[in-house]
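The file query_21.tsv contains TSV, C-alpha atoms and all ligand atoms:
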chain	number	residue	atom	x	y	z
A	1	MET	CA	0.09	19.93	9.23
A	2	ALA	CA	3.40	20.67	7.54
A	3	THR	CA	2.47	21.09	3.94
A	4	SER	CA	5.00	23.44	2.42
A	5	SER	CA	7.36	22.34	-0.32
A	6	SER	CA	10.21	24.20	1.30
A	7	ASN	CA	10.92	25.89	4.60
A	8	GLU	CA	13.43	28.28	6.02
A	9	SER	CA	14.78	26.10	8.80
A	10	GLY	CA	14.97	22.69	7.22
A	11	PRO	CA	15.73	20.86	4.03
A	12	THR	CA	13.54	21.12	0.96
A	13	LEU	CA	10.74	18.58	1.07
A	14	PRO	CA	8.61	17.07	-1.62
A	15	ARG	CA	5.44	19.10	-1.94
A	16	GLN	CA	2.65	17.52	0.03
A	17	ARG	CA	0.00	16.63	-2.44
A	18	MET	CA	-3.21	14.81	-2.81
A	19	SER	CA	-1.57	12.29	-5.11
A	20	ARG	CA	0.26	9.33	-3.69
A	21	ALA	CA	3.87	9.60	-2.55
A	22	ARG	CA	6.46	7.92	-4.75
A	23	LEU	CA	8.83	5.58	-2.93
A	24	ALA	CA	12.18	4.32	-4.21
A	25	VAL	CA	13.11	1.32	-2.07
A	26	VAL	CA	16.79	0.45	-1.92
A	27	ILE	CA	17.71	-3.09	-0.89
A	28	SER	CA	20.54	-5.60	-0.78
A	29	GLY	CA	18.76	-8.79	0.19
A	30	ALA	CA	15.46	-10.58	0.71
A	31	GLY	CA	13.34	-7.45	0.51
A	32	SER	CA	10.77	-8.49	3.10
A	33	ASN	CA	10.46	-4.88	4.29
A	34	MET	CA	9.99	-3.73	0.71
A	35	LEU	CA	7.22	-6.31	0.28
A	36	ALA	CA	5.54	-5.23	3.53
A	37	ILE	CA	5.65	-1.62	2.36
A	38	ASP	CA	4.24	-2.54	-1.04
A	39	ASP	CA	1.53	-4.65	0.65
A	40	ALA	CA	0.55	-1.63	2.78
A	41	CYS	CA	0.36	0.51	-0.38
A	42	ARG	CA	-1.85	-2.03	-2.13
A	43	ARG	CA	-4.09	-2.42	0.93
A	44	GLY	CA	-4.57	1.34	1.08
A	45	ASP	CA	-2.93	1.68	4.52
A	46	LEU	CA	-0.07	3.62	2.98
A	47	HIS	CA	-0.88	6.41	0.53
A	48	ALA	CA	2.15	5.81	-1.62
A	49	ASP	CA	3.46	3.63	-4.42
A	50	VAL	CA	6.72	1.75	-4.67
A	51	VAL	CA	7.88	3.20	-7.99
A	52	CYS	CA	11.20	1.40	-8.11
A	53	VAL	CA	13.25	-1.14	-6.23
A	54	ILE	CA	16.99	-0.71	-6.52
A	55	SER	CA	19.66	-3.18	-5.43
A	56	ASN	CA	23.43	-3.13	-5.35
A	57	ARG	CA	23.42	-6.94	-5.50
A	58	ALA	CA	22.29	-9.03	-8.47
A	59	ASP	CA	21.43	-11.93	-6.15
A	60	ALA	CA	19.05	-9.89	-3.97
A	61	ALA	CA	15.88	-11.98	-3.86
A	62	GLY	CA	13.90	-8.79	-3.35
A	63	LEU	CA	14.58	-7.82	-6.97
A	64	THR	CA	12.84	-10.97	-8.19
A	65	HIS	CA	9.93	-10.47	-5.78
A	66	ALA	CA	9.50	-6.87	-6.93
A	67	ALA	CA	9.63	-7.80	-10.61
A	68	ALA	CA	7.01	-10.50	-10.01
A	69	ARG	CA	4.72	-7.76	-8.71
A	70	GLY	CA	5.36	-5.59	-11.73
A	71	ILE	CA	7.45	-3.04	-9.83
A	72	PRO	CA	10.26	-1.55	-11.93
A	73	THR	CA	13.65	-2.75	-10.69
A	74	SER	CA	17.19	-1.47	-11.17
A	75	LEU	CA	20.44	-3.19	-10.44
A	76	VAL	CA	23.29	-0.79	-9.71
A	77	THR	CA	26.32	-3.03	-9.45
A	78	PRO	CA	29.49	-1.55	-7.97
A	79	ILE	CA	32.32	-1.45	-10.51
A	80	ASN	CA	35.75	-2.70	-9.40
A	81	GLY	CA	37.79	0.16	-7.98
A	82	GLU	CA	34.91	2.61	-8.21
A	83	SER	CA	34.78	5.32	-5.56
A	84	ARG	CA	31.82	5.48	-3.18
A	85	GLU	CA	30.95	8.90	-4.60
A	86	SER	CA	30.85	7.62	-8.17
A	87	TYR	CA	28.68	4.64	-7.20
A	88	ASP	CA	26.32	6.90	-5.27
A	89	GLU	CA	26.04	9.23	-8.27
A	90	ARG	CA	24.79	6.33	-10.35
A	91	LEU	CA	22.38	5.36	-7.58
A	92	ALA	CA	21.13	8.95	-7.41
A	93	SER	CA	20.49	9.03	-11.18
A	94	VAL	CA	18.20	6.01	-10.90
A	95	ILE	CA	16.32	7.67	-8.04
A	96	HIS	CA	15.96	10.89	-10.06
A	97	ALA	CA	14.80	8.98	-13.14
A	98	ALA	CA	12.09	7.34	-11.02
A	99	ASN	CA	10.98	10.76	-9.82
A	100	ALA	CA	10.88	9.43	-6.26
A	101	ASP	CA	9.74	11.58	-3.33
A	102	TRP	CA	11.19	9.36	-0.63
A	103	ILE	CA	14.21	7.10	-0.61
A	104	VAL	CA	13.52	4.12	1.61
A	105	LEU	CA	16.55	2.11	2.67
A	106	ALA	CA	15.38	-1.39	3.54
A	107	GLY	CA	18.22	-3.76	4.28
A	108	TYR	CA	20.64	-1.79	2.10
A	109	MET	CA	24.11	-2.89	3.15
A	110	ARG	CA	26.34	-0.16	1.74
A	111	ILE	CA	27.52	2.95	3.52
A	112	LEU	CA	26.31	6.09	1.74
A	113	SER	CA	28.63	8.95	0.82
A	114	SER	CA	28.09	12.23	2.62
A	115	HIS	CA	27.36	13.83	-0.76
A	116	PHE	CA	24.47	11.40	-1.38
A	117	VAL	CA	23.10	11.90	2.12
A	118	GLY	CA	23.34	15.67	1.69
A	119	GLU	CA	21.52	15.55	-1.64
A	120	PHE	CA	18.58	13.61	-0.22
A	121	THR	CA	18.49	14.91	3.35
A	122	GLY	CA	14.93	14.99	4.63
A	123	ARG	CA	13.83	12.41	2.07
A	124	LEU	CA	16.04	9.52	3.15
A	125	LEU	CA	14.78	6.89	5.62
A	126	ASN	CA	16.21	3.74	7.12
A	127	ILE	CA	15.10	0.96	9.41
A	128	HIS	CA	17.58	-0.44	11.89
A	129	PRO	CA	17.08	-3.66	13.84
A	130	SER	CA	17.62	-2.28	17.35
A	131	LEU	CA	16.18	0.27	19.70
A	132	LEU	CA	18.43	3.11	18.64
A	133	PRO	CA	20.60	4.61	19.99
A	134	ALA	CA	21.44	1.16	21.37
A	135	HIS	CA	23.35	-1.24	19.12
A	136	LYS	CA	24.22	0.80	16.07
A	137	GLY	CA	25.92	-1.22	13.35
A	138	LEU	CA	25.80	-4.98	12.78
A	139	HIS	CA	24.82	-8.10	14.77
A	140	THR	CA	22.25	-6.22	16.78
A	141	HIS	CA	20.27	-9.28	17.96
A	142	ARG	CA	23.35	-11.05	19.28
A	143	ARG	CA	24.47	-7.89	21.02
A	144	ALA	CA	21.04	-7.37	22.64
A	145	ILE	CA	21.19	-10.91	24.05
A	146	GLU	CA	24.79	-10.53	25.23
A	147	ALA	CA	23.94	-7.22	26.90
A	148	ARG	CA	20.98	-8.94	28.63
A	149	ASP	CA	18.71	-6.19	27.39
A	150	ALA	CA	15.17	-6.41	28.73
A	151	GLN	CA	13.81	-4.93	25.51
A	152	HIS	CA	14.82	-4.94	21.89
A	153	GLY	CA	13.22	-4.01	18.59
A	154	ALA	CA	13.61	-1.84	15.51
A	155	THR	CA	13.77	1.88	14.76
A	156	VAL	CA	12.77	3.91	11.71
A	157	HIS	CA	14.90	7.02	11.40
A	158	PHE	CA	15.91	9.77	9.02
A	159	VAL	CA	19.36	9.21	7.57
A	160	THR	CA	22.18	11.64	8.28
A	161	ALA	CA	25.94	11.37	7.77
A	162	GLU	CA	26.21	9.68	11.19
A	163	LEU	CA	25.72	5.92	10.73
A	164	ASP	CA	22.41	4.86	12.34
A	165	GLY	CA	22.41	8.23	14.09
A	166	GLY	CA	19.78	10.34	12.31
A	167	PRO	CA	16.60	11.66	13.96
A	168	ARG	CA	14.48	8.76	15.19
A	169	ILE	CA	10.84	8.56	14.12
A	170	LEU	CA	9.25	5.35	15.34
A	171	ARG	CA	10.44	2.46	17.50
A	172	GLY	CA	8.83	-0.97	17.69
A	173	VAL	CA	9.57	-2.61	21.02
A	174	LEU	CA	9.47	-6.23	22.20
A	175	THR	CA	10.37	-7.85	25.51
A	176	LEU	CA	13.11	-10.43	25.32
A	177	ARG	CA	12.09	-13.94	26.32
A	178	PRO	CA	14.44	-16.33	28.17
A	179	SER	CA	14.09	-18.69	25.21
A	180	ASP	CA	15.16	-16.08	22.63
A	181	ASP	CA	18.24	-16.71	20.55
A	182	GLU	CA	19.65	-14.70	17.66
A	183	GLU	CA	17.41	-16.41	15.09
A	184	SER	CA	14.18	-16.07	17.07
A	185	LEU	CA	14.93	-12.43	17.77
A	186	GLN	CA	15.63	-11.79	14.13
A	187	ARG	CA	12.23	-13.28	13.21
A	188	ARG	CA	10.40	-11.37	15.93
A	189	VAL	CA	12.07	-8.06	15.10
A	190	GLN	CA	11.38	-8.46	11.39
A	191	ARG	CA	7.66	-8.79	12.05
A	192	ILE	CA	7.89	-5.54	13.96
A	193	GLU	CA	9.76	-3.90	11.09
A	194	HIS	CA	7.02	-4.92	8.69
A	195	ALA	CA	4.49	-3.06	10.86
A	196	ILE	CA	6.41	0.08	11.76
A	197	TYR	CA	8.06	0.96	8.45
A	198	PRO	CA	4.74	1.41	6.59
A	199	GLU	CA	3.34	3.32	9.57
A	200	ALA	CA	6.27	5.77	9.56
A	201	LEU	CA	6.08	6.18	5.78
A	202	GLU	CA	2.38	6.97	6.01
A	203	LEU	CA	3.21	9.91	8.31
A	204	LEU	CA	5.53	11.20	5.58
A	205	ALA	CA	3.09	10.52	2.77
A	206	ARG	CA	0.43	12.49	4.64
A	207	GLY	CA	2.79	15.43	5.15
A	208	ARG	CA	2.65	15.06	8.95
A	209	LEU	CA	6.33	14.35	9.48
A	210	ARG	CA	9.45	16.15	8.37
A	211	GLN	CA	13.11	16.36	9.16
A	212	THR	CA	14.32	19.71	10.46
A	213	ASP	CA	17.73	21.08	11.36
A	214	ALA	CA	16.92	20.25	14.98
A	215	GLY	CA	15.67	16.71	14.38
A	216	ALA	CA	12.21	15.61	13.38
A	217	GLU	CA	8.84	17.32	13.61
A	218	LEU	CA	5.42	15.67	13.77
A	219	ASP	CA	2.33	17.76	13.16
A	220	GLY	CA	4.45	20.88	13.54
A	221	GLN	CA	5.81	19.86	16.95
A	222	PRO	CA	9.36	18.71	17.66
A	223	LEU	CA	9.52	14.94	17.94
A	224	VAL	CA	11.83	14.88	20.93
A	225	GLU	CA	11.46	11.14	21.54
A	226	PRO	CA	10.46	8.74	18.79
A	227	LEU	CA	6.96	7.35	18.67
A	228	GLU	CA	6.81	3.92	20.26
A	229	ARG	CA	4.74	0.81	19.59
A	230	HIS	CA	4.88	-2.31	21.74
A	231	PHE	CA	4.52	-5.77	20.24
A	232	ASP	CA	3.88	-9.19	21.66
A	233	PHE	CA	4.92	-11.13	18.55
B	301	LIG	C1	16.16	-5.86	8.18
B	301	LIG	O1	16.13	-6.60	9.35
B	301	LIG	C2	16.72	-4.50	8.42
B	301	LIG	O2	16.47	-4.02	9.70
B	301	LIG	C3	18.19	-4.72	8.26
B	301	LIG	O3	18.29	-5.63	7.20
B	301	LIG	C4	17.15	-6.45	7.19
B	301	LIG	C5	16.58	-6.46	5.80
B	301	LIG	O4	15.64	-7.46	5.62
B	301	LIG	N1	18.88	-3.49	8.04
B	301	LIG	P1	14.76	-7.50	4.30
B	301	LIG	O5	15.73	-7.50	3.12
B	301	LIG	O6	13.85	-6.33	4.30
B	301	LIG	O7	14.03	-8.82	4.38
Please express the file's structure as structure tokens.
Amino acid sequence: MATSSSNESGPTLPRQRMSRARLAVVISGAGSNMLAIDDACRRGDLHADVVCVISNRADAAGLTHAAARGIPTSLVTPINGESRESYDERLASVIHAANADWIVLAGYMRILSSHFVGEFTGRLLNIHPSLLPAHKGLHTHRRAIEARDAQHGATVHFVTAELDGGPRILRGVLTLRPSDDEESLQRRVQRIEHAIYPEALELLARGRLRQTDAGAELDGQPLVEPLERHFDF
């Protein structure tokens, strides 16, 4: 088990500890992934706590849902004309103030500056609604249908400067049905996301998973291909 607080080959990691991992969840919208993660924490399936929910958008419903659960929330609204770096500095201060171990992007719709990514490398996670490396970027469900993909799904990955290109951790896979359209796929994939994001975070919280210079490592072994779960939702 990788338990050190730092290592020679990879980025500095939060010290693995017996106490629960502290998650800062960063959102822009409904926050259903954030809620699924918080549910897993409360159930005891995920040994972590959502210590803050941060949004760049005041109208993100996830902020209201988090507040209703008593989770501290922060709104970091972009200022007109502000540089990406300046915005990301303000975002980073909120994360530091929350003393978060892991930064969990969950439907966060802004591109991060390379400085921010560099500062949090190894502690920064995202979920993307496709089987990466397929369909990076937007409109993934439509593109999976148009490409006549046999399978589709979602991927949890570490975040690097390459958009949707960081080391993959866990993929949730479904088989496309002839009846699927963009909306049905979106619903099906979201259910998968709600299962795989807490599972991936639990690997981190337990100190089993880490990002290295070469990619990702699980239980001390290189994670050459992401873990895979198949769903019949
Ligand atoms: C998710 O489908 C995620 O994959 C994508 O944005 C969506 C966020 O949904 N990046 P929610 O805000 O967690 O409900």
Give me, as a ChimeraX atom specification, the set of residues whose atoms come within 9 Å of any atom of ligand LIG 301 (chain B), counting only C-alpha atoms and all ligand atoms. /A:27-36,60-62,105-109,126-130,138,154-156,186-187,189-190,193-194
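Considering the residues A:Arg206, A:His152, A:His115, A:His65 and counting only C-alpha atoms, Ala21 of chain A has its shortest atom-to-atom contact with A:Arg206.
Taking atom CA of Ala58 of chain A as the reference point, atom CA of Gly81 of chain A is found at 18.0 Å.
Atom pair atom CA of Glu82 of chain A / atom CA of Gly118 of chain A: separated by 20.1 Å.
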Fewer than 5 positions away in the same chain doesn't count, so skip those; otherwise give me all residues within 9 Å of Ser114 of chain A, counting only C-alpha atoms, as a ChimeraX atom specification. /A:85,119,160-161
Pick out the residues sitting within 12 Å of Arg143 of chain A, and hand them over as an NGL selection string; count all atoms listed in the file, and ignore anything fewer than 3 positions along from it in its own chain. :A and (129-131 or 134-140 or 146-149 or 151-152 or 181-182 or 185-186)
Because some atoms of segment 110-121 of chain A are absent here, can you restore all heavy atoms and send them as a PDB file, in the coordinates of the input?
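Everything below was put into rebuild_26.pdb:
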ATOM      1  N   ARG A 110      25.179  -0.987   2.074  1.00  0.00           N
ATOM      2  CA  ARG A 110      26.340  -0.160   1.740  1.00  0.00           C
ATOM      3  C   ARG A 110      26.277   1.146   2.526  1.00  0.00           C
ATOM      4  O   ARG A 110      25.194   1.667   2.768  1.00  0.00           O
ATOM      5  CB  ARG A 110      26.344   0.198   0.244  1.00  0.00           C
ATOM      6  CG  ARG A 110      26.891  -0.882  -0.666  1.00  0.00           C
ATOM      7  CD  ARG A 110      26.801  -0.427  -2.106  1.00  0.00           C
ATOM      8  NE  ARG A 110      27.625   0.748  -2.383  1.00  0.00           N
ATOM      9  CZ  ARG A 110      28.862   0.699  -2.889  1.00  0.00           C
ATOM     10  NH1 ARG A 110      29.402  -0.453  -3.212  1.00  0.00           N
ATOM     11  NH2 ARG A 110      29.548   1.811  -3.098  1.00  0.00           N
ATOM     12  N   ILE A 111      27.455   1.640   2.872  1.00  0.00           N
ATOM     13  CA  ILE A 111      27.520   2.950   3.520  1.00  0.00           C
ATOM     14  C   ILE A 111      27.337   4.009   2.427  1.00  0.00           C
ATOM     15  O   ILE A 111      27.880   3.880   1.329  1.00  0.00           O
ATOM     16  CB  ILE A 111      28.906   3.141   4.170  1.00  0.00           C
ATOM     17  CG1 ILE A 111      29.163   1.961   5.107  1.00  0.00           C
ATOM     18  CG2 ILE A 111      29.025   4.512   4.824  1.00  0.00           C
ATOM     19  CD1 ILE A 111      29.382   2.264   6.530  1.00  0.00           C
ATOM     20  N   LEU A 112      26.566   5.036   2.729  1.00  0.00           N
ATOM     21  CA  LEU A 112      26.310   6.090   1.740  1.00  0.00           C
ATOM     22  C   LEU A 112      27.330   7.209   1.888  1.00  0.00           C
ATOM     23  O   LEU A 112      27.758   7.538   3.000  1.00  0.00           O
ATOM     24  CB  LEU A 112      24.908   6.667   1.968  1.00  0.00           C
ATOM     25  CG  LEU A 112      23.762   5.693   1.716  1.00  0.00           C
ATOM     26  CD1 LEU A 112      22.475   6.238   2.323  1.00  0.00           C
ATOM     27  CD2 LEU A 112      23.590   5.439   0.225  1.00  0.00           C
ATOM     28  N   SER A 113      27.704   7.811   0.768  1.00  0.00           N
ATOM     29  CA  SER A 113      28.630   8.950   0.820  1.00  0.00           C
ATOM     30  C   SER A 113      27.924  10.158   1.432  1.00  0.00           C
ATOM     31  O   SER A 113      26.696  10.280   1.351  1.00  0.00           O
ATOM     32  CB  SER A 113      29.119   9.300  -0.590  1.00  0.00           C
ATOM     33  OG  SER A 113      28.014   9.671  -1.381  1.00  0.00           O
ATOM     34  N   SER A 114      28.721  11.053   2.012  1.00  0.00           N
ATOM     35  CA  SER A 114      28.090  12.230   2.620  1.00  0.00           C
ATOM     36  C   SER A 114      27.433  13.091   1.539  1.00  0.00           C
ATOM     37  O   SER A 114      26.422  13.751   1.793  1.00  0.00           O
ATOM     38  CB  SER A 114      29.104  13.041   3.430  1.00  0.00           C
ATOM     39  OG  SER A 114      30.229  13.285   2.642  1.00  0.00           O
ATOM     40  N   HIS A 115      27.980  13.057   0.321  1.00  0.00           N
ATOM     41  CA  HIS A 115      27.360  13.830  -0.760  1.00  0.00           C
ATOM     42  C   HIS A 115      25.941  13.316  -1.039  1.00  0.00           C
ATOM     43  O   HIS A 115      24.983  14.099  -1.171  1.00  0.00           O
ATOM     44  CB  HIS A 115      28.208  13.747  -2.033  1.00  0.00           C
ATOM     45  CG  HIS A 115      27.612  14.542  -3.156  1.00  0.00           C
ATOM     46  ND1 HIS A 115      27.802  15.902  -3.278  1.00  0.00           N
ATOM     47  CD2 HIS A 115      26.792  14.187  -4.166  1.00  0.00           C
ATOM     48  CE1 HIS A 115      27.142  16.339  -4.324  1.00  0.00           C
ATOM     49  NE2 HIS A 115      26.504  15.320  -4.887  1.00  0.00           N
ATOM     50  N   PHE A 116      25.786  11.992  -1.114  1.00  0.00           N
ATOM     51  CA  PHE A 116      24.470  11.400  -1.380  1.00  0.00           C
ATOM     52  C   PHE A 116      23.505  11.755  -0.255  1.00  0.00           C
ATOM     53  O   PHE A 116      22.366  12.190  -0.493  1.00  0.00           O
ATOM     54  CB  PHE A 116      24.614   9.878  -1.512  1.00  0.00           C
ATOM     55  CG  PHE A 116      23.330   9.163  -1.828  1.00  0.00           C
ATOM     56  CD1 PHE A 116      22.983   8.868  -3.147  1.00  0.00           C
ATOM     57  CD2 PHE A 116      22.452   8.779  -0.813  1.00  0.00           C
ATOM     58  CE1 PHE A 116      21.792   8.212  -3.441  1.00  0.00           C
ATOM     59  CE2 PHE A 116      21.266   8.135  -1.103  1.00  0.00           C
ATOM     60  CZ  PHE A 116      20.938   7.849  -2.415  1.00  0.00           C
ATOM     61  N   VAL A 117      23.975  11.589   0.980  1.00  0.00           N
ATOM     62  CA  VAL A 117      23.100  11.900   2.120  1.00  0.00           C
ATOM     63  C   VAL A 117      22.689  13.361   2.079  1.00  0.00           C
ATOM     64  O   VAL A 117      21.516  13.700   2.281  1.00  0.00           O
ATOM     65  CB  VAL A 117      23.815  11.550   3.459  1.00  0.00           C
ATOM     66  CG1 VAL A 117      22.989  12.023   4.648  1.00  0.00           C
ATOM     67  CG2 VAL A 117      24.066  10.045   3.556  1.00  0.00           C
ATOM     68  N   GLY A 118      23.652  14.241   1.766  1.00  0.00           N
ATOM     69  CA  GLY A 118      23.340  15.670   1.690  1.00  0.00           C
ATOM     70  C   GLY A 118      22.310  15.961   0.609  1.00  0.00           C
ATOM     71  O   GLY A 118      21.384  16.753   0.815  1.00  0.00           O
ATOM     72  N   GLU A 119      22.446  15.294  -0.528  1.00  0.00           N
ATOM     73  CA  GLU A 119      21.520  15.550  -1.640  1.00  0.00           C
ATOM     74  C   GLU A 119      20.089  15.178  -1.277  1.00  0.00           C
ATOM     75  O   GLU A 119      19.134  15.840  -1.694  1.00  0.00           O
ATOM     76  CB  GLU A 119      21.971  14.749  -2.875  1.00  0.00           C
ATOM     77  CG  GLU A 119      21.047  14.936  -4.062  1.00  0.00           C
ATOM     78  CD  GLU A 119      21.569  14.296  -5.345  1.00  0.00           C
ATOM     79  OE1 GLU A 119      22.680  13.733  -5.348  1.00  0.00           O
ATOM     80  OE2 GLU A 119      20.828  14.372  -6.339  1.00  0.00           O
ATOM     81  N   PHE A 120      19.935  14.100  -0.496  1.00  0.00           N
ATOM     82  CA  PHE A 120      18.580  13.610  -0.220  1.00  0.00           C
ATOM     83  C   PHE A 120      18.134  13.835   1.222  1.00  0.00           C
ATOM     84  O   PHE A 120      17.137  13.251   1.661  1.00  0.00           O
ATOM     85  CB  PHE A 120      18.485  12.117  -0.579  1.00  0.00           C
ATOM     86  CG  PHE A 120      18.621  11.859  -2.063  1.00  0.00           C
ATOM     87  CD1 PHE A 120      19.766  11.280  -2.580  1.00  0.00           C
ATOM     88  CD2 PHE A 120      17.614  12.231  -2.939  1.00  0.00           C
ATOM     89  CE1 PHE A 120      19.905  11.055  -3.952  1.00  0.00           C
ATOM     90  CE2 PHE A 120      17.728  12.015  -4.311  1.00  0.00           C
ATOM     91  CZ  PHE A 120      18.881  11.422  -4.819  1.00  0.00           C
ATOM     92  N   THR A 121      18.853  14.672   1.951  1.00  0.00           N
ATOM     93  CA  THR A 121      18.490  14.910   3.350  1.00  0.00           C
ATOM     94  C   THR A 121      17.020  15.318   3.472  1.00  0.00           C
ATOM     95  O   THR A 121      16.535  16.154   2.708  1.00  0.00           O
ATOM     96  CB  THR A 121      19.375  16.004   3.973  1.00  0.00           C
ATOM     97  OG1 THR A 121      20.691  15.504   4.045  1.00  0.00           O
ATOM     98  CG2 THR A 121      18.920  16.359   5.381  1.00  0.00           C
TER      99      THR A 121
END
